[in-house]
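Below is one structure, written out as structure tokens; comments come after it.
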Amino acid sequence: MTFSYITLEENWEGKRLKLRELQAIYVMWARQMKRFVRAKSRVIGNIVQPIFFLAFLGMGLNKVVALPGSENLTYLDFLAPGIISMSIMFSSAFAGISIIWDRRFGFLQEVLVAPVSRLSIVIGRALGGGTVALIQGFIILIISILLGVKVKAILPAIPFMILSALVAVGFGIMIATFTKDFQGFQLIMNLLLFPMILLSSAFFPIDTMPCWLKVLSEINPLTYAVDGLRGSLMGYNHFPLYVDFLIVFGVCMGVMFLSSYLFNRSEI
């Protein structure tokens with residue numbers, strides 16, 4: 001009888017702990033969403049800049065650039081997935097700046113003394129930042145279609161958009177654990193993201209690159225995210241889609257594990 005009572009009490013305590021962790025994840029996610037809704041200038045800025053790339057660069061070079069191996073796609077069709085990935089990556093990566101903000105104003109200390117694991121905090125922030133980035137990515141996708149981009153399918157592209165957002169959020173969290181000021185975080189993220197985006201075939205095909213750039217592009221994880229998204233949306237991809245997915249999924253798992261580990265060991 002005593003044994004049954006102890007077992008029931010342990011089971012109930014385990015369920016309470018799981019519920020507490022889920023509540024922590026939801027609170028972190030909801031906080032990111034509220035910030036997104038309230039920061040209208042941030043939303044407009046993250047959407048307008050990709051539109052400029054599509055309207056000026058894409059439509060300006062639409063009749064000038066010929067894509068190797070495809071006569072049906074224009075340069076605007078080729079560019080749109082790269083711009084969508086760029087928008088998702090920048091929006092997700094800069095979600096890490098909220099950690100610096102919360103650290104400076106004391107909110108992070110209050111969260112960390114709560115009886116929840118730091119892993120739940122990281123997961124909640126990652127899901128929040130990823131959701132915001134996905135919303136912006138879909139907005140850019142809709143605008144691309146309105147500009148005349150030919151899209152074959154949307155559903156197969158969603159996994160690549162989700163994984164790209166989580167990879168960028170993980171990078172942002174890792175940098176935020178080492179950085180104490182906003183300016184330093186922005187400089188480091190720009191230093192990392194811009195070369196990755198330029199080498200990811202977002203703006204020009206891998207087949208047109210010189211050999212040394214091809215090598216750099218093939219070791220760039222963002223290349224496979226962009227290629228998978230372009231292959232899913234347009235049917236124009238350099239690598240097989242299953243290769244793109246497996247590499248992006250593996251990088252996502254590795255980055256999320258590493259960001260959780262570093263955040264758990266950091267002194268806030």
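Ordering of the structure tokens sets the chain letters (A, B, ...), residue numbers begin anew at 1 in every chain, and ligands are numbered from 1 in the order given.
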
TODO: Apply DSSP to the backbone of this structure and, from region 114-162 of chain A, keep only the residues in helix (DSSP H, G or I); write these as number ranges by chain.
DONE: A: 118-146, 155-162

For region 83-176 of chain A versus region 250-255 of chain A, which residues have an atom no more than 7 Å away, and what is each residue's nearest atom pair and distance in Å rounded to one decimal, using only C-alpha atoms, chain-then-number order, as CSV?
```
residue,atom,partner,partner_atom,distance
A:Leu163,CA,A:Cys252,CA,6.2
A:Leu166,CA,A:Cys252,CA,6.4
A:Val167,CA,A:Cys252,CA,4.9
A:Gly170,CA,A:Val255,CA,5.5
A:Phe171,CA,A:Val255,CA,6.8
```

Write out, as a PDB file, in the first residue's frame, the residues just selected, with all heavy atoms.
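Saved the output as out.pdb:
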```pdb
ATOM      1  N   LEU A 163      13.570  24.385 -40.868  1.00  0.00           N
ATOM      2  CA  LEU A 163      14.930  24.013 -40.468  1.00  0.00           C
ATOM      3  C   LEU A 163      15.890  25.195 -40.603  1.00  0.00           C
ATOM      4  O   LEU A 163      16.758  25.398 -39.749  1.00  0.00           O
ATOM      5  CB  LEU A 163      15.414  22.827 -41.304  1.00  0.00           C
ATOM      6  CG  LEU A 163      14.702  21.499 -41.063  1.00  0.00           C
ATOM      7  CD1 LEU A 163      15.181  20.438 -42.050  1.00  0.00           C
ATOM      8  CD2 LEU A 163      14.920  21.015 -39.632  1.00  0.00           C
ATOM      9  N   LEU A 166      15.392  27.471 -37.606  1.00  0.00           N
ATOM     10  CA  LEU A 166      15.945  26.925 -36.364  1.00  0.00           C
ATOM     11  C   LEU A 166      17.474  26.969 -36.359  1.00  0.00           C
ATOM     12  O   LEU A 166      18.091  27.217 -35.317  1.00  0.00           O
ATOM     13  CB  LEU A 166      15.456  25.492 -36.161  1.00  0.00           C
ATOM     14  CG  LEU A 166      13.957  25.332 -35.897  1.00  0.00           C
ATOM     15  CD1 LEU A 166      13.590  23.864 -35.757  1.00  0.00           C
ATOM     16  CD2 LEU A 166      13.539  26.099 -34.645  1.00  0.00           C
ATOM     17  N   VAL A 167      18.088  26.732 -37.521  1.00  0.00           N
ATOM     18  CA  VAL A 167      19.551  26.835 -37.602  1.00  0.00           C
ATOM     19  C   VAL A 167      20.002  28.254 -37.277  1.00  0.00           C
ATOM     20  O   VAL A 167      20.944  28.467 -36.498  1.00  0.00           O
ATOM     21  CB  VAL A 167      20.041  26.425 -39.000  1.00  0.00           C
ATOM     22  CG1 VAL A 167      21.507  26.797 -39.190  1.00  0.00           C
ATOM     23  CG2 VAL A 167      19.874  24.920 -39.206  1.00  0.00           C
ATOM     24  N   GLY A 170      19.563  29.076 -33.615  1.00  0.00           N
ATOM     25  CA  GLY A 170      20.628  28.448 -32.833  1.00  0.00           C
ATOM     26  C   GLY A 170      21.923  29.227 -32.900  1.00  0.00           C
ATOM     27  O   GLY A 170      22.592  29.431 -31.874  1.00  0.00           O
ATOM     28  N   PHE A 171      22.299  29.696 -34.104  1.00  0.00           N
ATOM     29  CA  PHE A 171      23.484  30.535 -34.241  1.00  0.00           C
ATOM     30  C   PHE A 171      23.347  31.801 -33.402  1.00  0.00           C
ATOM     31  O   PHE A 171      24.291  32.225 -32.720  1.00  0.00           O
ATOM     32  CB  PHE A 171      23.710  30.910 -35.706  1.00  0.00           C
ATOM     33  CG  PHE A 171      24.501  29.894 -36.465  1.00  0.00           C
ATOM     34  CD1 PHE A 171      23.974  29.294 -37.607  1.00  0.00           C
ATOM     35  CD2 PHE A 171      25.773  29.527 -36.064  1.00  0.00           C
ATOM     36  CE1 PHE A 171      24.692  28.349 -38.319  1.00  0.00           C
ATOM     37  CE2 PHE A 171      26.503  28.580 -36.766  1.00  0.00           C
ATOM     38  CZ  PHE A 171      25.966  27.991 -37.893  1.00  0.00           C
TER      39      PHE A 171
END
```

Open item on the list: Quick one: residues within 10 Å of Lys180 (chain A), only C-alpha atoms, excluding same-chain residues fewer than 6 positions away - as a ChimeraX atom specification?
Closed with: /A:97,99-101,103-104,268

Open item on the list: Could you list, as a list of chain:residue names, every residue within 8 Å of region 70-82 of chain A, counting only C-alpha atoms and ignoring same-chain residues fewer than 5 positions away?
Closed with: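 Selected residues are A:Leu54, A:Gly58, A:Met59, A:Leu61, A:Asn62, A:Lys63, A:Val65, A:Leu141, A:Ser144, A:Val149, A:Lys150, A:Ser201, A:Ala202, A:Phe203, A:Phe204, A:Val226, A:Leu229, A:Arg230, A:Leu233, A:Met234, A:Tyr236.
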
Open item on the list: Need the shell around Met86 (chain A): protein/DNA/RNA residues with any atom at most 12 Å away, counting only C-alpha atoms. Skip same-chain ones fewer than 6 positions apart. Format as a PyMOL selection string?
Closed with: chain A and resi 46-47+49-51+53-54+79-80+92-93+133-134+136-137+140-141+161+164-165+168+190+193-203+222-223+225-226+229

- [ ] Quick one: pull the distance between CA of Ile142 (chain A) and CA of Pro156 (chain A), Å, one decimal.
- [x]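 Answer for the CA of Ile142 (chain A) to CA of Pro156 (chain A) separation: 15.8 Å.
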
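Computed from the coordinates, the CA of Val48 (chain A) to CA of Gly129 (chain A) distance equals 19.0 Å.
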